[in-house]
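Structure file start-v1.cif (mmCIF, C-alpha atoms (C1' of nucleotides)) follows.
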data_entry
#
loop_
_atom_site.label_atom_id
_atom_site.label_comp_id
_atom_site.auth_asym_id
_atom_site.auth_seq_id
_atom_site.Cartn_x
_atom_site.Cartn_y
_atom_site.Cartn_z
CA MET U 515 0.00 0.00 0.00
CA HIS U 516 1.04 3.59 -0.62
CA SER U 517 3.68 2.78 -3.20
CA GLU U 518 2.85 5.88 -5.16
CA VAL U 519 4.87 6.98 -8.12
CA VAL U 520 4.42 10.67 -7.59
CA ALA U 521 8.14 11.40 -7.53
CA SER U 522 8.71 13.44 -10.68
CA ARG U 523 5.43 13.39 -12.48
CA SER U 524 6.13 16.08 -15.01
CA ALA U 525 9.35 14.37 -16.01
CA GLU U 526 7.59 11.08 -16.60
CA GLN U 527 4.93 12.72 -18.66
CA ARG U 528 7.52 14.36 -20.83
CA ASP U 529 8.91 10.92 -21.63
CA SER U 530 5.48 9.42 -22.04
CA SER U 531 4.35 11.54 -24.93
CA ARG U 532 5.30 10.84 -28.50
CA GLU U 533 5.12 7.04 -28.73
CA SER U 534 8.68 6.42 -29.87
CA ARG U 535 9.51 2.96 -31.02
CA ASN U 536 12.68 0.98 -30.58
CA GLY U 537 14.39 -1.03 -33.29
CA ASN U 538 11.95 -3.91 -33.17
CA GLY U 539 8.97 -1.72 -33.84
CA THR U 540 7.65 -2.38 -30.35
CA PRO U 541 6.24 0.65 -28.55
CA GLN U 542 8.49 2.20 -25.93
CA LEU U 543 6.83 2.14 -22.53
CA ASP U 544 7.23 4.87 -19.96
CA ALA U 545 7.38 4.37 -16.23
CA VAL U 546 3.67 4.99 -15.73
CA SER U 547 2.61 2.36 -18.25
CA LEU U 548 5.01 -0.10 -16.69
CA ALA U 549 3.49 0.61 -13.30
CA ILE U 550 0.03 0.03 -14.74
CA ILE U 551 1.10 -3.28 -16.25
CA GLN U 552 2.61 -4.23 -12.94
CA GLN U 553 -0.69 -3.59 -11.19
CA LEU U 554 -2.53 -5.73 -13.72
CA GLN U 555 0.03 -8.51 -13.42
CA GLU U 556 -0.92 -8.75 -9.77
CA ASP U 557 -4.64 -8.71 -10.51
CA GLY U 558 -6.02 -8.48 -14.02
CA ARG U 559 -9.37 -7.24 -12.72
CA ARG U 560 -8.13 -4.48 -10.48
CA PRO U 561 -10.39 -1.42 -10.86
CA TYR U 562 -9.03 1.49 -12.89
CA ALA U 563 -9.51 3.86 -9.98
CA ALA U 564 -7.34 1.72 -7.71
CA ILE U 565 -4.65 1.55 -10.37
CA GLY U 566 -4.88 5.28 -10.84
CA LYS U 567 -4.32 5.89 -7.17
CA ALA U 568 -1.28 3.62 -7.23
CA VAL U 569 0.36 5.16 -10.28
CA GLY U 570 -0.77 8.76 -9.89
CA LEU U 571 -3.31 9.16 -12.67
CA SER U 572 -7.03 9.68 -12.92
CA GLU U 573 -9.33 6.76 -13.50
CA ALA U 574 -10.10 7.87 -17.06
CA ALA U 575 -6.44 8.23 -17.96
CA VAL U 576 -5.64 4.75 -16.71
CA ARG U 577 -8.56 3.34 -18.65
CA GLN U 578 -7.36 4.99 -21.82
CA ARG U 579 -3.78 3.79 -21.40
CA VAL U 580 -4.89 0.25 -20.65
CA GLN U 581 -7.05 0.26 -23.75
CA LYS U 582 -4.14 1.45 -25.84
CA LEU U 583 -1.80 -1.17 -24.42
CA LEU U 584 -4.37 -3.81 -25.32
CA ASP U 585 -4.94 -2.41 -28.80
CA GLN U 586 -1.21 -2.20 -29.47
CA GLY U 587 -0.82 -5.79 -28.38
CA VAL U 588 1.70 -4.86 -25.72
CA MET U 589 -0.25 -6.78 -23.13
CA GLN U 590 -3.32 -8.93 -22.87
CA ILE U 591 -5.52 -9.53 -19.86
CA VAL U 592 -6.50 -13.17 -19.74
CA ALA U 593 -7.17 -16.13 -17.53
CA VAL U 594 -4.29 -18.57 -17.47
CA THR U 595 -4.50 -22.12 -16.20
CA ASP U 596 -2.49 -25.26 -15.93
CA PRO U 597 -3.62 -27.03 -19.13
CA LEU U 598 -3.45 -30.38 -17.36
CA THR U 599 -6.25 -29.18 -15.08
CA VAL U 600 -8.37 -28.14 -18.02
CA GLY U 601 -8.34 -31.45 -19.83
CA PHE U 602 -5.25 -31.31 -22.00
CA ARG U 603 -3.42 -34.42 -20.98
CA ARG U 604 -0.31 -34.18 -23.11
CA GLN U 605 2.07 -31.31 -23.50
CA ALA U 606 5.54 -31.20 -24.93
CA MET U 607 8.33 -28.85 -25.78
CA VAL U 608 9.74 -29.55 -29.21
CA GLY U 609 13.20 -28.45 -30.28
CA VAL U 610 13.43 -27.96 -34.02
CA ASN U 611 16.44 -27.74 -36.32
CA VAL U 612 15.95 -26.03 -39.62
CA GLU U 613 17.78 -25.76 -42.88
CA GLY U 614 17.04 -22.59 -44.76
CA ASP U 615 14.60 -19.95 -43.60
CA VAL U 616 14.15 -20.34 -39.87
CA GLU U 617 11.55 -17.61 -39.63
CA ALA U 618 9.37 -19.27 -42.27
CA ILE U 619 9.27 -22.45 -40.23
CA ALA U 620 8.54 -20.46 -37.10
CA ASP U 621 5.62 -18.84 -38.88
CA ALA U 622 4.31 -22.21 -39.99
CA LEU U 623 4.43 -23.45 -36.39
CA THR U 624 2.70 -20.29 -35.23
CA ASP U 625 -0.22 -21.10 -37.52
CA MET U 626 -0.86 -24.44 -35.80
CA SER U 627 -3.55 -24.17 -33.15
CA GLU U 628 -1.96 -26.84 -30.97
CA VAL U 629 1.20 -24.75 -30.72
CA GLU U 630 1.03 -22.44 -27.74
CA TYR U 631 4.44 -20.89 -27.76
CA VAL U 632 7.08 -20.39 -30.42
CA VAL U 633 10.50 -18.86 -29.90
CA MET U 634 13.57 -18.65 -32.08
CA THR U 635 16.70 -19.49 -30.15
CA ALA U 636 20.47 -19.61 -30.23
CA GLY U 637 21.97 -22.95 -29.26
CA SER U 638 21.54 -26.49 -30.45
CA PHE U 639 17.95 -25.82 -31.54
CA ASP U 640 16.80 -23.12 -33.92
CA ILE U 641 13.27 -23.07 -32.59
CA LEU U 642 11.50 -24.15 -29.42
CA ALA U 643 7.77 -24.77 -29.65
CA GLU U 644 5.39 -25.75 -26.90
CA ILE U 645 2.56 -28.06 -27.89
CA VAL U 646 -0.70 -28.67 -26.05
CA CYS U 647 -2.68 -31.76 -27.00
CA GLU U 648 -5.57 -33.81 -25.75
CA ASP U 649 -3.89 -37.21 -25.79
CA ASP U 650 -0.90 -39.17 -27.04
CA ASP U 651 -2.35 -39.82 -30.48
CA HIS U 652 -2.97 -36.15 -30.97
CA LEU U 653 0.55 -35.27 -29.87
CA LEU U 654 2.11 -37.90 -32.08
CA ASP U 655 0.11 -36.65 -35.00
CA VAL U 656 1.20 -33.05 -34.56
CA ILE U 657 4.88 -33.86 -34.15
CA ASN U 658 5.31 -36.56 -36.75
CA LYS U 659 2.78 -35.72 -39.42
CA ARG U 660 2.65 -31.95 -39.23
CA ILE U 661 5.87 -30.53 -37.83
CA ARG U 662 8.33 -32.99 -39.32
CA ALA U 663 6.47 -32.74 -42.61
CA LEU U 664 7.30 -29.07 -42.99
CA PRO U 665 9.85 -28.59 -45.77
CA GLY U 666 13.04 -27.27 -44.19
CA VAL U 667 12.68 -29.06 -40.87
CA ARG U 668 15.87 -31.07 -40.52
CA SER U 669 15.16 -32.74 -37.19
CA THR U 670 13.14 -32.46 -34.01
CA GLU U 671 13.52 -33.54 -30.42
CA SER U 672 10.61 -33.80 -28.03
CA PHE U 673 10.32 -33.29 -24.29
CA VAL U 674 7.01 -34.55 -23.00
CA TYR U 675 5.82 -32.72 -19.92
CA LEU U 676 5.52 -34.77 -16.77
CA LYS U 677 4.69 -32.09 -14.25
CA LEU U 678 4.34 -28.33 -14.39
CA LYS U 679 6.04 -26.85 -11.37
CA LYS U 680 5.90 -23.11 -11.92
CA GLN U 681 4.19 -20.64 -14.17
CA THR U 682 4.40 -16.96 -13.28
CA TYR U 683 3.48 -13.70 -14.91
CA MET U 684 5.19 -11.27 -12.61
CA TRP U 685 7.84 -9.67 -14.79
CA GLY U 686 8.93 -6.45 -13.22
CA THR U 687 7.06 -7.15 -10.02
CA ARG U 688 9.91 -8.71 -8.13
CA MET L 756 -22.94 -15.09 -30.32
CA HIS L 757 -25.67 -17.21 -28.80
CA SER L 758 -23.44 -20.15 -28.03
CA GLU L 759 -25.43 -21.00 -24.97
CA VAL L 760 -24.79 -24.13 -22.97
CA VAL L 761 -28.36 -24.78 -21.98
CA ALA L 762 -28.44 -28.29 -23.42
CA SER L 763 -28.72 -30.48 -20.35
CA ARG L 764 -28.42 -28.14 -17.45
CA SER L 765 -29.55 -30.46 -14.71
CA ALA L 766 -27.06 -33.08 -15.84
CA GLU L 767 -24.19 -30.61 -15.75
CA GLN L 768 -25.14 -29.46 -12.33
CA ARG L 769 -25.20 -32.98 -11.05
CA ASP L 770 -21.59 -33.37 -12.15
CA SER L 771 -20.61 -30.01 -10.80
CA SER L 772 -21.40 -30.71 -7.19
CA ARG L 773 -19.04 -32.45 -4.84
CA GLU L 774 -15.61 -31.18 -5.84
CA SER L 775 -14.02 -34.50 -6.64
CA ARG L 776 -10.32 -34.52 -7.21
CA ASN L 777 -8.24 -36.56 -9.61
CA GLY L 778 -4.98 -38.29 -8.75
CA ASN L 779 -2.92 -35.12 -8.76
CA GLY L 780 -5.05 -33.41 -6.16
CA THR L 781 -6.21 -30.93 -8.77
CA PRO L 782 -9.90 -30.05 -8.66
CA GLN L 783 -12.09 -31.69 -11.27
CA LEU L 784 -13.78 -29.09 -13.46
CA ASP L 785 -17.25 -29.48 -14.89
CA ALA L 786 -18.41 -28.18 -18.26
CA VAL L 787 -19.74 -24.93 -16.84
CA SER L 788 -16.49 -23.99 -15.14
CA LEU L 789 -14.62 -24.81 -18.31
CA ALA L 790 -16.95 -22.54 -20.24
CA ILE L 791 -16.35 -19.77 -17.72
CA ILE L 792 -12.59 -20.17 -18.03
CA GLN L 793 -12.95 -20.08 -21.77
CA GLN L 794 -14.79 -16.78 -21.58
CA LEU L 795 -12.07 -15.31 -19.40
CA GLN L 796 -9.35 -16.60 -21.69
CA GLU L 797 -10.87 -14.45 -24.40
CA ASP L 798 -11.15 -11.42 -22.14
CA GLY L 799 -10.04 -11.46 -18.53
CA ARG L 800 -12.21 -8.45 -17.74
CA ARG L 801 -15.45 -9.66 -19.23
CA PRO L 802 -18.35 -8.78 -16.88
CA TYR L 803 -19.84 -11.59 -14.82
CA ALA L 804 -23.30 -10.94 -16.23
CA ALA L 805 -22.06 -11.40 -19.81
CA ILE L 806 -20.32 -14.63 -18.83
CA GLY L 807 -23.47 -15.79 -17.08
CA LYS L 808 -25.52 -15.24 -20.19
CA ALA L 809 -23.02 -17.23 -22.24
CA VAL L 810 -22.82 -20.20 -19.89
CA GLY L 811 -26.35 -20.21 -18.52
CA LEU L 812 -25.86 -19.04 -14.94
CA SER L 813 -26.80 -15.98 -12.92
CA GLU L 814 -24.30 -13.20 -12.43
CA ALA L 815 -23.85 -14.08 -8.77
CA ALA L 816 -23.23 -17.74 -9.51
CA VAL L 817 -20.54 -16.91 -12.04
CA ARG L 818 -18.91 -14.54 -9.59
CA GLN L 819 -18.88 -17.23 -6.93
CA ARG L 820 -17.37 -19.83 -9.25
CA VAL L 821 -14.73 -17.47 -10.56
CA GLN L 822 -13.74 -16.59 -7.02
CA LYS L 823 -13.43 -20.25 -6.16
CA LEU L 824 -11.35 -21.02 -9.23
CA LEU L 825 -9.02 -18.19 -8.24
CA ASP L 826 -8.85 -19.31 -4.60
CA GLN L 827 -8.16 -22.89 -5.62
CA GLY L 828 -5.39 -21.73 -7.90
CA VAL L 829 -6.98 -23.38 -10.91
CA MET L 830 -6.69 -20.16 -12.86
CA GLN L 831 -5.36 -16.67 -12.47
CA ILE L 832 -6.47 -13.52 -14.24
CA VAL L 833 -3.44 -11.46 -15.14
CA ALA L 834 -1.86 -9.20 -17.68
CA VAL L 835 0.72 -10.97 -19.80
CA THR L 836 3.29 -9.22 -21.95
CA ASP L 837 6.25 -9.90 -24.11
CA PRO L 838 9.07 -9.46 -21.58
CA LEU L 839 11.28 -7.90 -24.24
CA THR L 840 8.80 -5.03 -24.49
CA VAL L 841 8.88 -4.52 -20.77
CA GLY L 842 12.63 -4.16 -20.41
CA PHE L 843 13.90 -7.68 -19.93
CA ARG L 844 16.49 -8.01 -22.62
CA ARG L 845 17.65 -11.58 -22.12
CA GLN L 846 15.60 -14.71 -21.88
CA ALA L 847 16.61 -18.30 -22.16
CA MET L 848 15.31 -21.80 -21.85
CA VAL L 849 17.61 -24.01 -19.84
CA GLY L 850 17.58 -27.78 -20.05
CA VAL L 851 18.81 -29.41 -16.86
CA ASN L 852 20.05 -32.91 -16.17
CA VAL L 853 19.86 -34.10 -12.61
CA GLU L 854 21.30 -36.94 -10.58
CA GLY L 855 19.16 -37.90 -7.63
CA ASP L 856 15.97 -36.12 -6.64
CA VAL L 857 14.64 -34.32 -9.71
CA GLU L 858 11.74 -32.76 -7.88
CA ALA L 859 14.04 -31.22 -5.29
CA ILE L 860 15.98 -29.46 -8.02
CA ALA L 861 12.75 -28.37 -9.66
CA ASP L 862 11.65 -26.86 -6.36
CA ALA L 863 14.94 -25.04 -6.00
CA LEU L 864 14.52 -23.56 -9.48
CA THR L 865 10.96 -22.59 -8.64
CA ASP L 866 12.24 -20.53 -5.74
CA MET L 867 14.38 -18.35 -8.01
CA SER L 868 12.62 -15.14 -8.98
CA GLU L 869 14.28 -15.00 -12.40
CA VAL L 870 12.78 -18.36 -13.26
CA GLU L 871 9.40 -17.92 -14.91
CA TYR L 872 8.51 -21.44 -15.84
CA VAL L 873 9.59 -24.84 -14.58
CA VAL L 874 8.49 -28.18 -15.98
CA MET L 875 9.70 -31.73 -15.39
CA THR L 876 10.05 -33.59 -18.67
CA ALA L 877 10.76 -36.94 -20.26
CA GLY L 878 13.53 -36.94 -22.84
CA SER L 879 17.11 -35.86 -22.85
CA PHE L 880 16.47 -33.24 -20.18
CA ASP L 881 14.93 -33.85 -16.78
CA ILE L 882 13.79 -30.26 -16.34
CA LEU L 883 13.16 -27.30 -18.59
CA ALA L 884 13.27 -23.87 -17.01
CA GLU L 885 12.61 -20.52 -18.61
CA ILE L 886 14.69 -17.62 -17.34
CA VAL L 887 13.97 -13.91 -17.67
CA CYS L 888 16.85 -11.51 -17.04
CA GLU L 889 17.70 -7.88 -17.53
CA ASP L 890 20.98 -8.36 -19.37
CA ASP L 891 23.69 -10.85 -20.28
CA ASP L 892 25.54 -10.52 -16.99
CA HIS L 893 22.42 -11.25 -15.07
CA LEU L 894 21.65 -14.29 -17.23
CA LEU L 895 25.19 -15.61 -16.94
CA ASP L 896 25.04 -15.20 -13.20
CA VAL L 897 21.80 -17.12 -12.84
CA ILE L 898 22.88 -20.01 -15.04
CA ASN L 899 26.47 -20.46 -13.95
CA LYS L 900 26.50 -19.35 -10.35
CA ARG L 901 23.05 -20.34 -9.18
CA ILE L 902 21.65 -23.16 -11.27
CA ARG L 903 24.84 -25.09 -11.91
CA ALA L 904 25.78 -24.64 -8.29
CA LEU L 905 22.78 -26.63 -7.07
CA PRO L 906 23.92 -29.98 -5.69
CA GLY L 907 22.49 -32.69 -7.93
CA VAL L 908 22.65 -30.70 -11.17
CA ARG L 909 24.73 -32.82 -13.51
CA SER L 910 24.66 -30.54 -16.56
CA THR L 911 22.75 -27.75 -18.25
CA GLU L 912 22.21 -26.56 -21.78
CA SER L 913 21.01 -23.07 -22.62
CA PHE L 914 18.90 -21.72 -25.45
CA VAL L 915 19.00 -17.95 -25.54
CA TYR L 916 15.87 -16.39 -26.98
CA LEU L 917 16.29 -14.45 -30.18
CA LYS L 918 12.69 -13.69 -31.01
CA LEU L 919 9.36 -14.58 -29.48
CA LYS L 920 6.96 -15.51 -32.24
CA LYS L 921 3.86 -16.72 -30.47
CA GLN L 922 2.38 -16.73 -27.01
CA THR L 923 -1.25 -17.74 -26.61
CA TYR L 924 -3.58 -18.51 -23.74
CA MET L 925 -6.52 -19.97 -25.58
CA TRP L 926 -6.62 -23.57 -24.44
CA GLY L 927 -9.99 -25.01 -25.17
CA THR L 928 -11.03 -22.05 -27.26
CA ARG L 929 -10.06 -23.46 -30.60
"C1'" DC K 487 2.99 32.33 -31.34
"C1'" DA K 488 -0.57 29.56 -33.85
"C1'" DG K 489 -2.03 25.14 -35.17
"C1'" DA K 490 -2.14 20.15 -34.93
"C1'" DT K 491 -1.88 16.30 -32.07
"C1'" DC K 492 -1.96 13.73 -27.98
"C1'" DT K 493 -2.90 13.09 -23.03
"C1'" DT K 494 -5.28 14.08 -18.93
"C1'" DT K 495 -9.15 15.48 -16.20
"C1'" DG K 496 -13.87 15.91 -14.50
"C1'" DC K 497 -18.38 14.50 -14.60
"C1'" DG K 498 -23.01 12.34 -15.28
"C1'" DG K 499 -25.50 8.17 -16.50
"C1'" DA K 500 -25.40 3.32 -17.47
"C1'" DT K 501 -23.47 -0.84 -15.95
"C1'" DT K 502 -21.22 -3.82 -12.89
"C1'" DT K 503 -19.75 -5.48 -8.61
"C1'" DC K 504 -20.65 -6.86 -3.97
"C1'" DG K 505 -22.81 -8.85 0.08
"C1'" DC K 506 -26.51 -11.31 1.86
"C1'" DA K 507 -30.70 -13.92 2.82
"C1'" DG K 508 -33.54 -17.38 1.09
"C1'" DA K 509 -34.56 -21.25 -2.17
"C1'" DA K 510 -33.08 -25.45 -4.27
"C1'" DG K 511 -30.26 -29.43 -4.94
"C1'" DT K 512 -27.05 -33.15 -3.01
"C1'" DC K 513 -25.21 -36.35 0.19
"C1'" DA K 514 -24.89 -39.31 4.36
"C1'" DC K 515 -27.34 -41.85 7.53
"C1'" DG K 516 -30.72 -43.88 10.45
"C1'" DC O 329 -38.27 -41.82 3.30
"C1'" DG O 330 -37.04 -37.88 5.87
"C1'" DT O 331 -33.88 -35.11 8.41
"C1'" DG O 332 -29.85 -32.38 8.96
"C1'" DA O 333 -25.40 -30.67 7.15
"C1'" DC O 334 -23.56 -28.80 3.20
"C1'" DT O 335 -23.06 -26.74 -1.19
"C1'" DT O 336 -24.67 -24.08 -5.05
"C1'" DC O 337 -27.80 -20.99 -7.20
"C1'" DT O 338 -30.87 -16.96 -7.42
"C1'" DG O 339 -32.71 -12.34 -6.64
"C1'" DC O 340 -32.11 -7.89 -5.14
"C1'" DG O 341 -30.70 -3.32 -3.24
"C1'" DA O 342 -26.65 -0.40 -2.28
"C1'" DA O 343 -22.13 0.86 -3.46
"C1'" DA O 344 -18.56 1.02 -6.68
"C1'" DT O 345 -17.04 0.86 -11.28
"C1'" DC O 346 -17.11 1.57 -16.11
"C1'" DC O 347 -17.87 4.41 -20.06
"C1'" DG O 348 -18.30 8.29 -23.27
"C1'" DC O 349 -17.54 12.98 -23.92
"C1'" DA O 350 -16.24 17.77 -23.85
"C1'" DA O 351 -12.93 20.85 -22.09
"C1'" DA O 352 -8.28 21.80 -20.41
"C1'" DG O 353 -3.35 21.09 -20.48
"C1'" DA O 354 1.19 19.55 -22.82
"C1'" DT O 355 4.22 18.85 -26.49
"C1'" DC O 356 5.96 19.41 -31.07
"C1'" DT O 357 6.33 21.77 -35.51
"C1'" DG O 358 7.07 25.42 -38.25
#
Would you write out, as structure tokens, the structure that this file holds?
Amino acid sequence: MHSEVVASRSAEQRDSSRESRNGNGTPQLDAVSLAIIQQLQEDGRRPYAAIGKAVGLSEAAVRQRVQKLLDQGVMQIVAVTDPLTVGFRRQAMVGVNVEGDVEAIADALTDMSEVEYVVMTAGSFDILAEIVCEDDDHLLDVINKRIRALPGVRSTESFVYLKLKKQTYMWGTR
Amino acid sequence: MHSEVVASRSAEQRDSSRESRNGNGTPQLDAVSLAIIQQLQEDGRRPYAAIGKAVGLSEAAVRQRVQKLLDQGVMQIVAVTDPLTVGFRRQAMVGVNVEGDVEAIADALTDMSEVEYVVMTAGSFDILAEIVCEDDDHLLDVINKRIRALPGVRSTESFVYLKLKKQTYMWGTR
DNA sequence: CAGATCTTTGCGGATTTCGCAGAAGTCACG
DNA sequence: CGTGACTTCTGCGAAATCCGCAAAGATCTG
């Protein structure tokens, strides 16, 4: 309680205007937006007025910034669960090695609905993809018939999930 | 619109009572709770009344069930972001091989604040852990000084993230 | 300084949330 | 079969929140 961010308001606001973008084309966030995100990482349903009090803005201003962050795709407010609890029995991380255009393969994986998470990496895999399936047959099908069938996929290695131990969404809150 | 779940209400409600638990000690979810979660996976701030209309319950009943799901830890409603946008420059997936008690190591990893995600797996790694850091020094420190220092860790392999391509939270919504 | 653009604020009215008491359904047990 | 303990659902009024909008304030450009 009382972790206000009143310090140098005018300075923050100077930074906040003019949505500059960094190299990646991702919007640059100022301290106030970060503080808002932090509030919503603790509780995605926290009222705008409460957030406003915490970050030093009016309710309407918070609402508008939240809406913009959502529209820009910077953040999303969603319910997250352990898939195992919700009826998806089989999950796996798949390491993929690619010859040729890595990004094209990553895009192809992104298009698959069973693929939850795709990241391009440095190391002995070019891509890591997390897969959520209903049962073993489904998983086998996705890995062998769909992923390995993509032209350019040299090899894959699978890590079937046995037990999810941690899943946090508290970046910046620590 | 109009995807109501009115079909066999009394049957659903029969299943819903008596919170039975499966082997893992995780609560068993009925069709209505799943439908509620699904609604909140689309929009974590959707009003209870709107959810109630979609799943065939009163506003108060939805509110009660959501609260219970949150209390039980079955789901959480949070803002999720791409860490790179929020100032965490270095992320990596780390595969860990363990001798002895795998779960003990997994618990130790879970206790580290930089570790976002921990899962025990079958395959050539015993554990996969996702790490979120501010810079290279920080990442190096976590991997070499903290993870490899854990007694029982036989070896690790790191996959530094280059680009996050997909991150969804739509289980059951497809 | 004027103009264009963007952000914040303040404020009603509509909507939603919240707490609670009562009704209804379920289960265990004699 | 009925009774009590328990859980879940419903309805409702009061309080809080959300929402749209017009005006005010900032920032940047030229």
Problem - Coordinates-based distance that separates atom CA of Val594 of chain U from atom CA of Glu556 of chain U (Å, one decimal) - result: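 Taking atom CA of Glu556 of chain U as the start and atom CA of Val594 of chain U as the end point, the length is 12.9 Å.
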Write out as a tab-separated table a residue-level contact list of segment 619-652 of chain U versus segment 895-916 of chain L with cut-off 12 Å: for each qualifying residue the closest pair of atoms and the distance in Å to one decimal, counting only C-alpha atoms, rows sorted by chain and residue number upward.
residue	atom	partner	partner_atom	distance
U:Val632	CA	L:Tyr916	CA	10.3
U:Val633	CA	L:Tyr916	CA	6.6
U:Met634	CA	L:Tyr916	CA	6.0
U:Thr635	CA	L:Tyr916	CA	4.5
U:Ala636	CA	L:Val915	CA	5.2
U:Gly637	CA	L:Phe914	CA	5.0
U:Ser638	CA	L:Phe914	CA	7.4
U:Phe639	CA	L:Phe914	CA	7.4
U:Asp640	CA	L:Phe914	CA	8.8
U:Ile641	CA	L:Tyr916	CA	9.1
U:Leu642	CA	L:Phe914	CA	8.7
U:Ala643	CA	L:Tyr916	CA	12.0
So that I have them on file, write out the residues from the current selection with C-alpha atoms, as a PDB file, in the frame of the given file.
ATOM      1  CA  VAL U 632       7.080 -20.390 -30.420  1.00  0.00           C
ATOM      2  CA  VAL U 633      10.500 -18.860 -29.900  1.00  0.00           C
ATOM      3  CA  MET U 634      13.570 -18.650 -32.080  1.00  0.00           C
ATOM      4  CA  THR U 635      16.700 -19.490 -30.150  1.00  0.00           C
ATOM      5  CA  ALA U 636      20.470 -19.610 -30.230  1.00  0.00           C
ATOM      6  CA  GLY U 637      21.970 -22.950 -29.260  1.00  0.00           C
ATOM      7  CA  SER U 638      21.540 -26.490 -30.450  1.00  0.00           C
ATOM      8  CA  PHE U 639      17.950 -25.820 -31.540  1.00  0.00           C
ATOM      9  CA  ASP U 640      16.800 -23.120 -33.920  1.00  0.00           C
ATOM     10  CA  ILE U 641      13.270 -23.070 -32.590  1.00  0.00           C
ATOM     11  CA  LEU U 642      11.500 -24.150 -29.420  1.00  0.00           C
ATOM     12  CA  ALA U 643       7.770 -24.770 -29.650  1.00  0.00           C
TER      13      ALA U 643
END
Practice task
Tell me which residues the PyMOL selection byres ((chain K and resi 508-515) around 8) grabs here, as a list in words.
Solution key: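 Evaluating the PyMOL selection byres ((chain K and resi 508-515) around 8) on these coordinates yields Ser772 of chain L; DA507 and DG516 of chain K; DT335, DT336, DC337 and DT338 of chain O.
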Exercise for the section: Would you list the residues near (-9.3, 16.3, -12.7) (no more than 10 Å away, in the coordinates of the file, using all atoms listed in the file) as a list in words? Expected result: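 These residues have at least one counted atom within 10 Å: Leu571, Ser572, Glu573 and Ala574 of chain U; DT494, DT495, DG496 and DC497 of chain K; DA352 of chain O.
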Practice task
Please evaluate the PyMOL selection byres ((chain O) within 10 of (chain U)) against the displayed coordinates and give the resulting residues as a list in words.
Solution key: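 Answer for the PyMOL selection byres ((chain O) within 10 of (chain U)): DA344, DT345, DC346, DC347, DA354, DT355 and DC356 of chain O.
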Practice task
Please indicate the distance in Å from atom C1' of DA333 of chain O to atom CA of Asp785 of chain L, rounded to one decimal place.
Solution key: 23.5 Å
Practice task
Determine, counting all atoms listed in the file, which protein, DNA and RNA residues have an atom within 10 Å of an atom of segment 821-825 of chain L; residues of the same chain fewer than 2 positions away are not included. Present the result as a list of chain:residue names.
Solution key: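 Surrounding residues, per the criterion: U:Ala593, U:Thr595, L:Pro782, L:Leu784, L:Ser788, L:Ile791, L:Ile792, L:Leu795, L:Tyr803, L:Ala815, L:Ala816, L:Val817, L:Arg818, L:Gln819, L:Gln827, L:Gly828, L:Val829, L:Met830, L:Gln831, L:Ile832.
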Practice task
Report the distance between atom CA of Gln793 of chain L and atom CA of Gly807 of chain L in Å, rounded to one decimal place.
Solution key: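 Taking atom CA of Gln793 of chain L and atom CA of Gly807 of chain L, their separation equals 12.3 Å.
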Handout entry: Expected selection from the PyMOL selection byres ((chain O and resi 342) around 10), given as a list of chain:residue names
Key =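 Selected by the PyMOL selection byres ((chain O and resi 342) around 10) here: K:DC504, K:DG505, O:DC340, O:DG341, O:DA343, O:DA344.
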Problem - Within 12 Å of DG358 of chain O using all atoms listed in the file, minus same-chain residues under 3 positions, as a list in words - result: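 The residues satisfying every condition are DC487, DA488, DG489 and DA490 of chain K.
If all atoms listed in the file are the atoms counted, then among L:Ala805, L:Val857, L:Ala847, L:Met867 the closest residue to chain K is L:Ala805.
Between chain L and the residues U:Val546, U:Val592, U:Cys647, U:Val629, the shortest atom-to-atom distance, using only C-alpha atoms, involves U:Val592.
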Handout entry: Shell around Leu653 of chain U at 9 Å using only C-alpha atoms (C1' of nucleotides), local window under 6 positions removed, as a list of chain:residue names
Key =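 Answer for this query is U:Arg604, U:Gln605, U:Ala606, U:Glu628, U:Ile645, U:Val646, U:Cys647.
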Since the input lacks some atoms of segment 623-629 of chain U, please model N, CA and C atoms and print them as a PDB file, in the frame of the given file.
ATOM      1  N   LEU U 623       4.777 -22.904 -37.705  1.00  0.00           N
ATOM      2  CA  LEU U 623       4.430 -23.450 -36.390  1.00  0.00           C
ATOM      3  C   LEU U 623       3.410 -22.551 -35.703  1.00  0.00           C
ATOM      4  N   THR U 624       3.603 -21.257 -35.849  1.00  0.00           N
ATOM      5  CA  THR U 624       2.700 -20.290 -35.230  1.00  0.00           C
ATOM      6  C   THR U 624       1.266 -20.493 -35.705  1.00  0.00           C
ATOM      7  N   ASP U 625       1.123 -20.920 -36.956  1.00  0.00           N
ATOM      8  CA  ASP U 625      -0.220 -21.100 -37.520  1.00  0.00           C
ATOM      9  C   ASP U 625      -0.941 -22.332 -36.979  1.00  0.00           C
ATOM     10  N   MET U 626      -0.209 -23.224 -36.315  1.00  0.00           N
ATOM     11  CA  MET U 626      -0.860 -24.440 -35.800  1.00  0.00           C
ATOM     12  C   MET U 626      -1.545 -24.140 -34.468  1.00  0.00           C
ATOM     13  N   SER U 627      -2.808 -24.527 -34.354  1.00  0.00           N
ATOM     14  CA  SER U 627      -3.550 -24.170 -33.150  1.00  0.00           C
ATOM     15  C   SER U 627      -3.043 -24.917 -31.922  1.00  0.00           C
ATOM     16  N   GLU U 628      -2.460 -26.092 -32.119  1.00  0.00           N
ATOM     17  CA  GLU U 628      -1.960 -26.840 -30.970  1.00  0.00           C
ATOM     18  C   GLU U 628      -0.672 -26.236 -30.400  1.00  0.00           C
ATOM     19  N   VAL U 629      -0.057 -25.356 -31.154  1.00  0.00           N
ATOM     20  CA  VAL U 629       1.200 -24.750 -30.720  1.00  0.00           C
ATOM     21  C   VAL U 629       0.912 -23.488 -29.933  1.00  0.00           C
TER      22      VAL U 629
END
